[in-house]
Amino acid sequence: MAEWWDSLTSLMKVLYCIAVPSTLVLLLQTIFSIVGFGNDGDINISDTGGIDMGDAGLDIDVELDVDVDIDLDVSADGDVCPQGDADSPVHVHADYSSLQLFTVQGIVAFFAVSGWVSIAALSGGMPAVGAIPVGIVAGFFAMYGIAKLVQLSKKLTENGTIDFRNAIGETATVYIPIPPEGEGEGKVTLTLQGRFMECSATSCLKETLKTGTQVRVTDLNGETLVVEKQS
């Protein structure tokens with residue numbers, strides 16, 4: 001082993017010192033991700049989150065397309081009830097799965113793959129001026145591949161989570177009568193994110209919305225929908 005190591009060039013020794021530890025760390029990350037280690041602690045060696053850029057907004061890509069006229073109806077107790085124009089569409093779209101290249105796993109994968117590819121290229125007779133760039137390019141492809149896999153897994157997770165903001169602007173049907181403003185809640189049924197759901201609902205109107213009434217969701221109060229009569 002010592003003879004083999006001594007026979008290596010300085011460049012090959014450096015590449016092995018990069019490739020071997022990076023591969024071991026990548027292997028540990030994969031194992032810890034599978035068994036769920038580190039999810040409850042302060043440090044997660046298998047972290048797939050991107051670099052936190054504070055207010056730069058690089059981790060979250062949110063698109064809002066809102067076109068709505070709002071009249072404010074202030075009740076005696078100070079509650080503000082937004083009354084949307086029924087002809088004004090409200091579209092809410094949120095995407096929390098933007099591509100994050102510079103994650104812990106991505107960087108480790110870059111060093112591991114670029115190291116081994118460079119070693120293979122040098123061992124095959126390629127000069128260092130060609131082997132190193134080839135390794136770097138391969139490392140970037142590996143980092144991009146890791147980022148796409150993480151993005152895909154997050155999207156699959158999000159698809160199974162109900163975001164009640166997506167109900168804004170949708171039409172629903174009153175299931176349990178909704179009392180006038182400030183007198184309690186009723187129930188509505190609607191299709192949200194491909195699921196037929198029953199949700200709690202309130203109204204800012206002065207009349208009771210009876211069972212079977214078609215309503216439109218105008219706002220949210222937690223997970224309670226605020227609705228108005230569909231015109």
# chains A, B, ... in the order shown; residues from 1 in each chain; ligands from 1
>>> residues_around(residues="Ile18 (chain A)", least_positions_apart="3", cutoff="8 Å", atoms="only C-alpha atoms", output="number ranges by chain")
A: 14-15, 21-22, 111-112, 115
>>> write_last_selection(atoms="N, CA and C atoms", output="PDB file, in the first residue's frame")
ATOM      1  N   VAL A  14      -3.462  14.305  -4.308  1.00  0.00           N
ATOM      2  CA  VAL A  14      -4.442  15.326  -3.928  1.00  0.00           C
ATOM      3  C   VAL A  14      -5.850  14.885  -4.313  1.00  0.00           C
ATOM      4  N   LEU A  15      -5.985  14.333  -5.515  1.00  0.00           N
ATOM      5  CA  LEU A  15      -7.301  13.891  -5.980  1.00  0.00           C
ATOM      6  C   LEU A  15      -7.856  12.759  -5.118  1.00  0.00           C
ATOM      7  N   PRO A  21     -12.479  10.817   0.989  1.00  0.00           N
ATOM      8  CA  PRO A  21     -13.298  11.348   2.095  1.00  0.00           C
ATOM      9  C   PRO A  21     -14.684  11.807   1.638  1.00  0.00           C
ATOM     10  N   SER A  22     -14.735  12.441   0.448  1.00  0.00           N
ATOM     11  CA  SER A  22     -16.025  12.919  -0.052  1.00  0.00           C
ATOM     12  C   SER A  22     -16.983  11.759  -0.300  1.00  0.00           C
ATOM     13  N   PHE A 111     -17.478  17.119  -5.170  1.00  0.00           N
ATOM     14  CA  PHE A 111     -16.088  16.751  -4.890  1.00  0.00           C
ATOM     15  C   PHE A 111     -15.836  15.263  -5.130  1.00  0.00           C
ATOM     16  N   ALA A 112     -16.803  14.418  -4.738  1.00  0.00           N
ATOM     17  CA  ALA A 112     -16.624  12.981  -4.914  1.00  0.00           C
ATOM     18  C   ALA A 112     -16.540  12.609  -6.386  1.00  0.00           C
ATOM     19  N   GLY A 115     -13.530  14.227  -8.271  1.00  0.00           N
ATOM     20  CA  GLY A 115     -12.281  13.574  -7.882  1.00  0.00           C
ATOM     21  C   GLY A 115     -12.079  12.255  -8.591  1.00  0.00           C
TER      22      GLY A 115
END
>>> closest_residue(among="A:Asp219, A:Asp6, A:Glu228, A:Asp163", to="Leu205 (chain A)", atoms="only C-alpha atoms")
A:Glu228
>>> closest_residue(among="A:Thr213, A:Ser118, A:Thr208, A:Thr202", to="Val226 (chain A)", atoms="only C-alpha atoms")
A:Thr202
>>> residues_around(residues="Thr211 (chain A)", least_positions_apart="2", cutoff="8 Å", atoms="only C-alpha atoms", output="ChimeraX atom specification")
/A:173-177,209,213
>>> select_by_dssp(residues="region 101-195 of chain A", states="helix (DSSP H, G or I)", output="ChimeraX atom specification")
/A:104-123,128-159,164-167
>>> closest_residue(among="A:Gly182, A:Gly169, A:Gly106, A:Gly222", to="Phe141 (chain A)", atoms="only C-alpha atoms")
A:Gly106
>>> closest_residue(among="A:Leu192, A:Leu101, A:Ile107, A:Ile34", to="Thr161 (chain A)", atoms="only C-alpha atoms")
A:Leu192
>>> residues_around(residues="Met143 (chain A)", least_positions_apart="2", cutoff="6 Å", atoms="only C-alpha atoms", output="VMD selection string")
chain A and resid 106 109 to 110 140 to 141 145 to 146
>>> residues_around(residues="Phe196 (chain A)", least_positions_apart="5", cutoff="12 Å", atoms="only C-alpha atoms", output="compact mmCIF listing (two decimals) with all heavy atoms, in the first residue's frame")
# COMPACT_ATOMS: atom_id res chain seq x y z
N ILE A 162 -52.29 19.84 1.89
CA ILE A 162 -53.33 20.78 1.49
C ILE A 162 -52.92 22.20 1.88
O ILE A 162 -52.59 22.47 3.03
CB ILE A 162 -54.68 20.43 2.15
CG1 ILE A 162 -55.19 19.09 1.63
CG2 ILE A 162 -55.70 21.52 1.88
CD1 ILE A 162 -55.49 19.07 0.16
N ALA A 167 -57.63 27.69 -2.01
CA ALA A 167 -59.10 27.71 -2.08
C ALA A 167 -59.63 29.10 -2.44
O ALA A 167 -60.78 29.23 -2.89
CB ALA A 167 -59.69 27.26 -0.74
N ALA A 172 -67.65 26.98 -3.94
CA ALA A 172 -67.99 25.91 -3.01
C ALA A 172 -69.50 25.85 -2.84
O ALA A 172 -70.23 26.75 -3.28
CB ALA A 172 -67.31 26.15 -1.66
N THR A 173 -69.96 24.78 -2.20
CA THR A 173 -71.39 24.60 -1.94
C THR A 173 -71.61 24.48 -0.44
O THR A 173 -70.90 23.73 0.24
CB THR A 173 -71.90 23.31 -2.63
OG1 THR A 173 -71.64 23.40 -4.03
CG2 THR A 173 -73.40 23.14 -2.40
N VAL A 188 -68.80 24.03 4.20
CA VAL A 188 -68.95 24.02 2.74
C VAL A 188 -68.19 22.82 2.19
O VAL A 188 -67.29 22.29 2.85
CB VAL A 188 -68.41 25.31 2.09
CG1 VAL A 188 -69.20 26.52 2.54
CG2 VAL A 188 -66.92 25.49 2.37
N THR A 189 -68.56 22.40 1.00
CA THR A 189 -67.82 21.35 0.31
C THR A 189 -67.26 21.93 -0.98
O THR A 189 -67.90 22.77 -1.64
CB THR A 189 -68.72 20.14 -0.02
OG1 THR A 189 -69.83 20.57 -0.79
CG2 THR A 189 -69.20 19.47 1.25
N LEU A 190 -66.05 21.50 -1.32
CA LEU A 190 -65.41 21.96 -2.55
C LEU A 190 -64.29 20.99 -2.93
O LEU A 190 -63.88 20.15 -2.11
CB LEU A 190 -64.84 23.38 -2.39
CG LEU A 190 -63.53 23.57 -1.61
CD1 LEU A 190 -62.94 24.94 -1.89
CD2 LEU A 190 -63.74 23.38 -0.11
N THR A 191 -63.83 21.13 -4.14
CA THR A 191 -62.69 20.33 -4.60
C THR A 191 -61.44 21.19 -4.52
O THR A 191 -61.36 22.25 -5.15
CB THR A 191 -62.90 19.85 -6.05
OG1 THR A 191 -64.10 19.07 -6.11
CG2 THR A 191 -61.73 19.01 -6.50
>>> closest_residue(among="A:Met12, A:Lys229, A:Val215, A:Cys17", to="Thr171 (chain A)", atoms="only C-alpha atoms")
A:Val215
>>> residues_around(residues="Phe164 (chain A)", least_positions_apart="5", cutoff="12 Å", atoms="only C-alpha atoms", output="JSON list (two decimals) with N, CA and C atoms, in the first residue's frame")
[["chain", "number", "residue", "atom", "x", "y", "z"],
["A", 92, "VAL", "N", -53.86, 32.20, -6.71],
["A", 92, "VAL", "CA", -52.74, 32.10, -5.78],
["A", 92, "VAL", "C", -51.92, 30.88, -6.15],
["A", 93, "HIS", "N", -50.66, 31.11, -6.42],
["A", 93, "HIS", "CA", -49.78, 30.00, -6.76],
["A", 93, "HIS", "C", -48.50, 30.13, -5.96],
["A", 94, "ALA", "N", -48.12, 29.10, -5.26],
["A", 94, "ALA", "CA", -46.88, 29.11, -4.48],
["A", 94, "ALA", "C", -46.03, 27.91, -4.84],
["A", 169, "GLY", "N", -60.80, 32.13, -4.25],
["A", 169, "GLY", "CA", -61.27, 32.30, -5.61],
["A", 169, "GLY", "C", -62.07, 31.12, -6.13],
["A", 170, "GLU", "N", -62.09, 30.00, -5.37],
["A", 170, "GLU", "CA", -62.80, 28.80, -5.81],
["A", 170, "GLU", "C", -64.28, 28.85, -5.40],
["A", 190, "LEU", "N", -66.05, 21.50, -1.32],
["A", 190, "LEU", "CA", -65.41, 21.96, -2.55],
["A", 190, "LEU", "C", -64.29, 20.99, -2.93],
["A", 191, "THR", "N", -63.83, 21.13, -4.14],
["A", 191, "THR", "CA", -62.69, 20.33, -4.60],
["A", 191, "THR", "C", -61.44, 21.19, -4.52],
["A", 192, "LEU", "N", -60.46, 20.74, -3.71],
["A", 192, "LEU", "CA", -59.24, 21.50, -3.48],
["A", 192, "LEU", "C", -58.04, 20.59, -3.72],
["A", 193, "GLN", "N", -57.17, 21.00, -4.63],
["A", 193, "GLN", "CA", -55.99, 20.23, -5.00],
["A", 193, "GLN", "C", -56.36, 18.80, -5.39],
["A", 195, "ARG", "N", -58.90, 17.07, -4.41],
["A", 195, "ARG", "CA", -59.60, 16.33, -3.37],
["A", 195, "ARG", "C", -60.95, 16.97, -3.06],
["A", 197, "MET", "N", -63.45, 18.01, -0.45],
["A", 197, "MET", "CA", -63.25, 18.28, 0.97],
["A", 197, "MET", "C", -64.46, 18.98, 1.58],
["A", 198, "GLU", "N", -64.56, 18.83, 2.89],
["A", 198, "GLU", "CA", -65.54, 19.56, 3.69],
["A", 198, "GLU", "C", -64.76, 20.50, 4.60],
["A", 199, "CYS", "N", -65.05, 21.80, 4.52],
["A", 199, "CYS", "CA", -64.28, 22.80, 5.28],
["A", 199, "CYS", "C", -65.21, 23.69, 6.09],
["A", 200, "SER", "N", -64.69, 24.18, 7.21],
["A", 200, "SER", "CA", -65.42, 25.17, 8.01],
["A", 200, "SER", "C", -65.44, 26.49, 7.25],
["A", 201, "ALA", "N", -66.53, 27.23, 7.40],
["A", 201, "ALA", "CA", -66.66, 28.48, 6.66],
["A", 201, "ALA", "C", -67.46, 29.50, 7.45],
["A", 217, "VAL", "N", -65.08, 31.54, -2.30],
["A", 217, "VAL", "CA", -64.13, 31.78, -1.21],
["A", 217, "VAL", "C", -63.37, 33.07, -1.49],
["A", 218, "THR", "N", -63.41, 33.99, -0.52],
["A", 218, "THR", "CA", -62.76, 35.30, -0.70],
["A", 218, "THR", "C", -61.56, 35.51, 0.21],
["A", 219, "ASP", "N", -61.48, 34.74, 1.31],
["A", 219, "ASP", "CA", -60.40, 34.97, 2.26],
["A", 219, "ASP", "C", -60.27, 33.75, 3.17],
["A", 220, "LEU", "N", -59.26, 33.80, 4.04],
["A", 220, "LEU", "CA", -59.04, 32.74, 5.01],
["A", 220, "LEU", "C", -58.94, 33.31, 6.40],
["A", 221, "ASN", "N", -59.40, 32.54, 7.39],
["A", 221, "ASN", "CA", -59.17, 32.85, 8.79],
["A", 221, "ASN", "C", -58.61, 31.58, 9.42],
["A", 222, "GLY", "N", -57.30, 31.44, 9.35],
["A", 222, "GLY", "CA", -56.66, 30.18, 9.72],
["A", 222, "GLY", "C", -56.97, 29.16, 8.65],
["A", 223, "GLU", "N", -57.69, 28.09, 9.03],
["A", 223, "GLU", "CA", -58.14, 27.09, 8.06],
["A", 223, "GLU", "C", -59.64, 27.18, 7.83],
["A", 224, "THR", "N", -60.22, 28.27, 8.32],
["A", 224, "THR", "CA", -61.65, 28.53, 8.08],
["A", 224, "THR", "C", -61.80, 29.43, 6.87],
["A", 225, "LEU", "N", -62.64, 29.03, 5.94],
["A", 225, "LEU", "CA", -62.83, 29.79, 4.71],
["A", 225, "LEU", "C", -63.82, 30.93, 4.96],
["A", 226, "VAL", "N", -63.55, 32.08, 4.39],
["A", 226, "VAL", "CA", -64.48, 33.20, 4.40],
["A", 226, "VAL", "C", -65.12, 33.23, 3.02]]
